[in-house]
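One file, upload_28.cif, is given below (mmCIF, C-alpha atoms and all ligand atoms).
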```
data_data
loop_
_atom_site.label_atom_id
_atom_site.label_comp_id
_atom_site.auth_asym_id
_atom_site.auth_seq_id
_atom_site.Cartn_x
_atom_site.Cartn_y
_atom_site.Cartn_z
CA MET A 5 3.18 123.18 98.87
CA ALA A 6 5.74 124.72 96.49
CA GLN A 7 5.89 128.47 96.77
CA LYS A 8 4.77 130.62 93.89
CA ILE A 9 6.14 133.92 92.69
CA LEU A 10 3.71 136.80 93.14
CA ILE A 11 4.26 139.79 90.87
CA ASP A 12 2.34 142.82 92.03
CA MET A 13 1.58 144.81 88.86
CA ILE A 14 -0.42 147.37 90.82
CA LYS A 15 2.54 148.23 93.04
CA LEU A 16 4.93 148.10 90.09
CA ARG A 17 2.88 150.69 88.21
CA ALA A 18 2.85 152.95 91.25
CA VAL A 19 6.63 152.67 91.57
CA MET A 20 7.09 153.37 87.87
CA ALA A 21 4.82 156.40 88.06
CA GLU A 22 7.05 157.85 90.76
CA LYS A 23 10.37 156.85 89.23
CA SER A 24 9.93 156.82 85.48
CA ALA A 25 13.70 156.54 84.88
CA LEU A 26 13.89 153.33 86.91
CA THR A 27 15.17 150.30 85.02
CA LEU A 28 13.24 147.26 86.17
CA PRO A 29 14.82 143.83 86.17
CA GLU A 30 12.95 141.32 84.06
CA ALA A 31 12.23 137.67 84.59
CA TYR A 32 11.47 134.74 82.36
CA PHE A 33 11.44 130.97 82.36
CA TYR A 34 13.93 129.87 79.77
CA GLN A 35 12.76 126.92 77.67
CA SER A 36 9.35 127.21 79.24
CA VAL A 37 6.41 129.51 78.69
CA ASN A 38 8.64 132.32 77.45
CA GLN A 39 10.88 130.74 74.90
CA ASN A 40 9.47 132.89 72.11
CA GLY A 41 12.26 135.45 72.01
CA LEU A 42 12.83 135.65 75.75
CA LYS A 43 9.44 137.11 76.47
CA THR A 44 9.28 138.50 79.97
CA ILE A 45 6.78 137.65 82.64
CA ARG A 46 5.84 141.32 82.93
CA GLU A 47 4.94 141.47 79.24
CA LEU A 48 2.91 138.27 79.44
CA ALA A 49 1.12 139.52 82.55
CA THR A 50 0.41 142.92 81.01
CA PHE A 51 -1.15 141.57 77.85
CA ARG A 52 -3.08 138.89 79.72
CA PHE A 53 -4.40 140.92 82.66
CA THR A 54 -3.88 144.68 82.20
CA CYS A 55 -4.75 145.01 78.50
CA ARG A 56 -8.40 145.80 77.80
CA LYS A 57 -8.44 143.61 74.70
CA CYS A 58 -9.83 146.30 72.35
CA GLU A 59 -11.94 144.86 69.59
CA ASP A 60 -10.18 146.77 66.79
CA ALA A 61 -6.93 146.94 68.68
CA PRO A 62 -5.11 150.15 67.68
CA CYS A 63 -1.80 148.75 68.90
CA ILE A 64 -2.02 145.97 66.30
CA ALA A 65 -3.12 148.36 63.54
CA VAL A 66 -0.28 150.82 64.19
CA CYS A 67 2.56 148.31 64.45
CA PRO A 68 4.79 148.89 61.41
CA ALA A 69 6.38 145.46 61.75
CA ASP A 70 3.25 143.30 62.03
CA ALA A 71 4.68 142.14 65.32
CA LEU A 72 1.42 142.11 67.27
CA GLU A 73 -1.51 139.77 66.94
CA LYS A 74 -4.20 138.27 69.11
CA ASP A 75 -4.06 134.64 70.17
CA LYS A 76 -7.11 132.38 70.18
CA ASP A 77 -8.23 133.85 73.52
CA GLY A 78 -8.01 137.44 72.27
CA VAL A 79 -4.80 138.12 74.21
CA VAL A 80 -2.32 140.33 72.36
CA GLU A 81 1.00 138.66 71.63
CA ARG A 82 4.22 140.32 70.50
CA HIS A 83 6.56 138.49 68.18
CA THR A 84 9.87 139.64 69.56
CA ASN A 85 11.74 138.60 66.43
CA LEU A 86 9.65 141.07 64.39
CA CYS A 87 9.33 143.94 66.89
CA VAL A 88 11.65 146.86 66.17
CA SER A 89 11.02 148.60 69.53
CA CYS A 90 9.50 151.68 67.92
CA LYS A 91 6.97 152.00 70.79
CA SER A 92 4.17 153.12 68.48
CA CYS A 93 1.93 150.60 70.23
CA VAL A 94 2.76 152.12 73.62
CA THR A 95 1.93 155.61 72.36
CA ILE A 96 -1.35 154.71 70.70
CA CYS A 97 -2.81 152.50 73.42
CA PRO A 98 -5.67 154.59 74.84
CA PHE A 99 -5.44 152.90 78.23
CA GLY A 100 -1.71 153.20 78.92
CA THR A 101 -1.61 149.45 79.19
CA MET A 102 2.10 149.11 78.56
CA MET A 103 4.57 150.70 80.92
CA THR A 104 6.79 153.17 79.11
CA ASP A 105 9.89 151.05 79.63
CA PHE A 106 8.15 147.99 78.27
CA PHE A 107 10.53 147.37 75.39
CA LYS A 108 13.65 148.82 76.95
CA HIS A 109 15.47 145.53 77.26
CA HIS A 110 14.65 144.33 73.80
CA ARG A 111 18.32 143.89 72.96
CA ASN A 112 19.81 144.01 76.45
CA ARG A 113 19.72 140.72 78.29
CA ASP A 114 21.90 141.75 81.24
CA LEU A 115 18.91 142.42 83.44
CA PHE A 116 17.09 139.20 82.67
CA TYR A 117 16.74 136.50 85.32
CA ASP A 118 15.87 132.86 84.68
CA LEU A 119 13.36 132.02 87.39
CA LYS A 120 13.98 128.31 87.06
CA GLU A 121 17.28 128.90 88.84
CA THR A 122 16.87 129.38 92.61
CA LYS A 123 19.81 131.78 92.87
CA GLU A 124 18.58 133.88 89.96
CA LEU A 125 15.12 133.97 91.47
CA GLU A 126 16.59 135.28 94.75
CA ARG A 127 18.62 137.89 92.88
CA PHE A 128 15.58 138.90 90.85
CA ILE A 129 13.46 139.42 93.97
CA ALA A 130 16.27 141.43 95.59
CA ALA A 131 16.67 143.58 92.46
CA CYS A 132 12.96 144.42 92.13
CA PRO A 133 11.43 147.40 93.93
CA GLU A 134 10.55 146.36 97.47
CA GLY A 135 7.33 144.39 97.81
CA THR A 136 6.65 144.09 94.09
CA VAL A 137 7.85 140.49 93.78
CA THR A 138 7.42 138.04 96.63
CA LEU A 139 7.15 134.32 97.27
CA THR A 140 3.80 133.10 98.48
CA ASP A 141 1.90 129.97 99.47
CA GLU A 142 -1.31 131.49 98.14
CA ASN A 143 -3.26 130.39 95.11
CA GLU A 144 -5.33 132.39 92.67
CA SER A 145 -7.82 134.53 94.60
CA PRO A 146 -9.84 136.99 92.50
CA GLU A 147 -11.22 138.68 95.64
CA LYS A 148 -7.65 139.87 96.28
CA ASN A 149 -7.07 140.66 92.58
CA ILE A 150 -4.62 137.75 92.36
CA TYR A 151 -4.64 135.64 89.20
CA SER A 152 -2.61 132.76 87.89
CA LEU A 153 -0.30 133.47 84.94
CA ASN A 154 1.15 129.99 84.87
CA GLU A 155 1.85 127.14 87.28
CA LYS A 156 4.59 129.10 89.04
CA VAL A 157 3.58 132.74 88.76
CA LEU A 158 0.70 134.69 90.28
CA VAL A 159 -0.05 138.27 89.25
CA ARG A 160 -1.85 140.93 91.27
CA GLU A 161 -3.72 143.24 88.91
CA TYR A 162 -7.07 144.97 88.55
CA LEU A 163 -8.95 143.25 85.75
CA TYR A 164 -11.15 145.15 83.32
CA ILE A 165 -14.40 143.24 83.47
CA THR A 166 -17.14 143.84 80.92
CA GLU A 167 -20.39 141.99 80.24
CA LYS A 168 -18.57 140.39 77.33
CA ASN A 169 -15.53 139.02 79.12
CA LYS A 170 -17.17 138.10 82.46
S1 LIG B 201 7.24 148.51 69.66
FE1 LIG B 201 6.73 149.01 67.50
S2 LIG B 201 7.36 147.18 66.35
FE2 LIG B 201 7.27 146.60 68.52
S3 LIG B 201 5.22 145.73 68.78
FE3 LIG B 201 5.11 147.93 69.33
S4 LIG B 201 4.48 148.96 67.42
FE4 LIG B 201 5.20 146.92 66.86
S1 LIG B 202 -4.62 149.25 72.45
FE1 LIG B 202 -3.91 148.87 74.55
S2 LIG B 202 -5.70 148.06 75.66
FE2 LIG B 202 -6.16 147.97 73.45
S3 LIG B 202 -5.59 145.88 72.83
FE3 LIG B 202 -3.79 147.19 72.48
S4 LIG B 202 -2.56 147.08 74.37
FE4 LIG B 202 -4.62 146.31 74.84
#
```

As structure tokens, please, write out the structure in this file.
Amino acid sequence: MAQKILIDMIKLRAVMAEKSALTLPEAYFYQSVNQNGLKTIRELATFRFTCRKCEDAPCIAVCPADALEKDKDGVVERHTNLCVSCKSCVTICPFGTMMTDFFKHHRNRDLFYDLKETKELERFIAACPEGTVTLTDENESPEKNIYSLNEKVLVREYLYITEKNK
């Protein structure tokens, strides 16, 4: 079975809480799920799994560039070509969904790794805080808080479950 990449958002948040000045490497699949403006896996995972999907989402209302909108599943999407990195959405989110460095690399691609390339994947794993990105033979397992982001990436995160989104 081909190994999958497991990104541990719970550990990542803990690391970021301790070292707020840390610059995290970012990963994407070029010409794949992230081709809309080099959207990173961490951003996709955050909006899909960490975000509480507010009904009248204040992040969308506050964005001065109309860069945020919900997709058909209610998942917030950022149009990177419109976003001006003002971080108003980060500030207004009542749940601290987005890590403070979320938009740091908006114009800096030096720390981006294309996970389709084996060597880049190895370098990405080595560059990430220890234990936050690993290779695994596991599949999605909600009892371990592990969910599938796409066919190659699993994300460990606590989901916000309500009667509505069960
Ligand atoms: S950083 Fe600013 S421009 Fe970008 S999505 Fe957030 S509110 Fe909109
Ligand atoms: S305000 Fe925060 S939790 Fe609510 S939809 Fe926006 S990012 Fe998600």

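Pairwise distance (CA of Leu28 in chain A, CA of Val159 in chain A) equals 16.3 Å.
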
Taking all atoms of ligand LIG 201 (chain B) that appear in the file, build a box with edges along x, y and z, extend it by 4 Å on every side, and state its centre and edge lengths in Å to one decimal, as AutoDock Vina command-line options.
```
--center_x 5.9 --center_y 147.4 --center_z 68.0 --size_x 10.9 --size_y 11.3 --size_z 11.3
```

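Distances from A:Val157, A:Ala18, A:Ile165, A:Leu26 to Leu48 in chain A were compared using only C-alpha atoms, and the smallest one belongs to A:Val157.
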
Contact table chain A vs ligand LIG 202 (chain B), cut-off 10 Å, shortest pair per residue, only C-alpha atoms and all ligand atoms, as a tab-separated table:
```
residue	atom	partner	partner_atom	distance
A:Thr50	CA	B:LIG202	S4	8.4
A:Phe51	CA	B:LIG202	FE4	6.6
A:Arg52	CA	B:LIG202	FE4	9.0
A:Phe53	CA	B:LIG202	FE4	9.5
A:Thr54	CA	B:LIG202	FE4	7.6
A:Cys55	CA	B:LIG202	FE4	3.9
A:Arg56	CA	B:LIG202	S2	4.1
A:Lys57	CA	B:LIG202	S3	4.1
A:Cys58	CA	B:LIG202	FE2	4.2
A:Glu59	CA	B:LIG202	S3	7.2
A:Asp60	CA	B:LIG202	S3	7.6
A:Ala61	CA	B:LIG202	S3	4.5
A:Pro62	CA	B:LIG202	S1	4.9
A:Cys63	CA	B:LIG202	FE3	4.4
A:Ile64	CA	B:LIG202	FE3	6.5
A:Ala65	CA	B:LIG202	FE3	9.0
A:Val66	CA	B:LIG202	S1	9.5
A:Leu72	CA	B:LIG202	FE3	8.9
A:Glu73	CA	B:LIG202	S3	9.4
A:Lys74	CA	B:LIG202	S3	8.6
A:Gly78	CA	B:LIG202	S3	8.8
A:Val79	CA	B:LIG202	S3	7.9
A:Val80	CA	B:LIG202	S3	6.5
A:Glu81	CA	B:LIG202	S4	9.5
A:Cys93	CA	B:LIG202	FE3	7.0
A:Val94	CA	B:LIG202	S4	7.4
A:Thr95	CA	B:LIG202	S1	9.1
A:Ile96	CA	B:LIG202	S1	6.6
A:Cys97	CA	B:LIG202	S1	3.8
A:Pro98	CA	B:LIG202	S1	5.9
A:Phe99	CA	B:LIG202	S2	5.5
A:Gly100	CA	B:LIG202	FE1	6.5
A:Thr101	CA	B:LIG202	FE1	5.2
A:Met102	CA	B:LIG202	S4	6.6
A:Tyr164	CA	B:LIG202	S2	9.8
```

Kindly assemble as a Markdown table a list of the chain A residues that lie within 7 Å of ligand LIG 201 (chain B), each paired with its nearest atom pair and their distance in Å to one decimal, using all atoms listed in the file, sorted first by chain and then by ascending residue number.
```
| residue | atom | partner | partner_atom | distance |
| --- | --- | --- | --- | --- |
| A:Cys63 | CA | B:LIG201 | S4 | 6.5 |
| A:Val66 | CA | B:LIG201 | S4 | 6.0 |
| A:Cys67 | CA | B:LIG201 | S4 | 3.6 |
| A:Pro68 | CA | B:LIG201 | FE4 | 5.8 |
| A:Ala69 | CA | B:LIG201 | S2 | 5.0 |
| A:Asp70 | CA | B:LIG201 | FE4 | 6.3 |
| A:Ala71 | CA | B:LIG201 | S3 | 5.0 |
| A:Leu72 | CA | B:LIG201 | S3 | 5.5 |
| A:Arg82 | CA | B:LIG201 | S3 | 5.8 |
| A:Leu86 | CA | B:LIG201 | S2 | 6.8 |
| A:Cys87 | CA | B:LIG201 | FE2 | 3.7 |
| A:Val88 | CA | B:LIG201 | S2 | 4.3 |
| A:Ser89 | CA | B:LIG201 | S1 | 3.8 |
| A:Cys90 | CA | B:LIG201 | FE1 | 3.9 |
| A:Lys91 | CA | B:LIG201 | S1 | 3.7 |
| A:Ser92 | CA | B:LIG201 | S4 | 4.3 |
| A:Cys93 | CA | B:LIG201 | S4 | 4.1 |
| A:Val94 | CA | B:LIG201 | FE3 | 6.4 |
| A:Phe107 | CA | B:LIG201 | S1 | 6.7 |
```

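Near Lys23 in chain A, within 12 Å and counting all atoms listed in the file, sit Leu16, Arg17, Ala18, Val19, Thr27, Leu28, Met103, Thr104, Asp105 and Pro133 of chain A, not including residues fewer than 4 positions from it in the same chain.
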
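Reported to one decimal place, the separation of CA of Ala49 in chain A from CA of Leu158 in chain A is 9.1 Å.
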
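Distance annotation: of A:Ala31, A:Ala6, A:Met20, A:Ile129, the residue with the minimal separation from Phe116 in chain A is A:Ala31; atom set is only C-alpha atoms.
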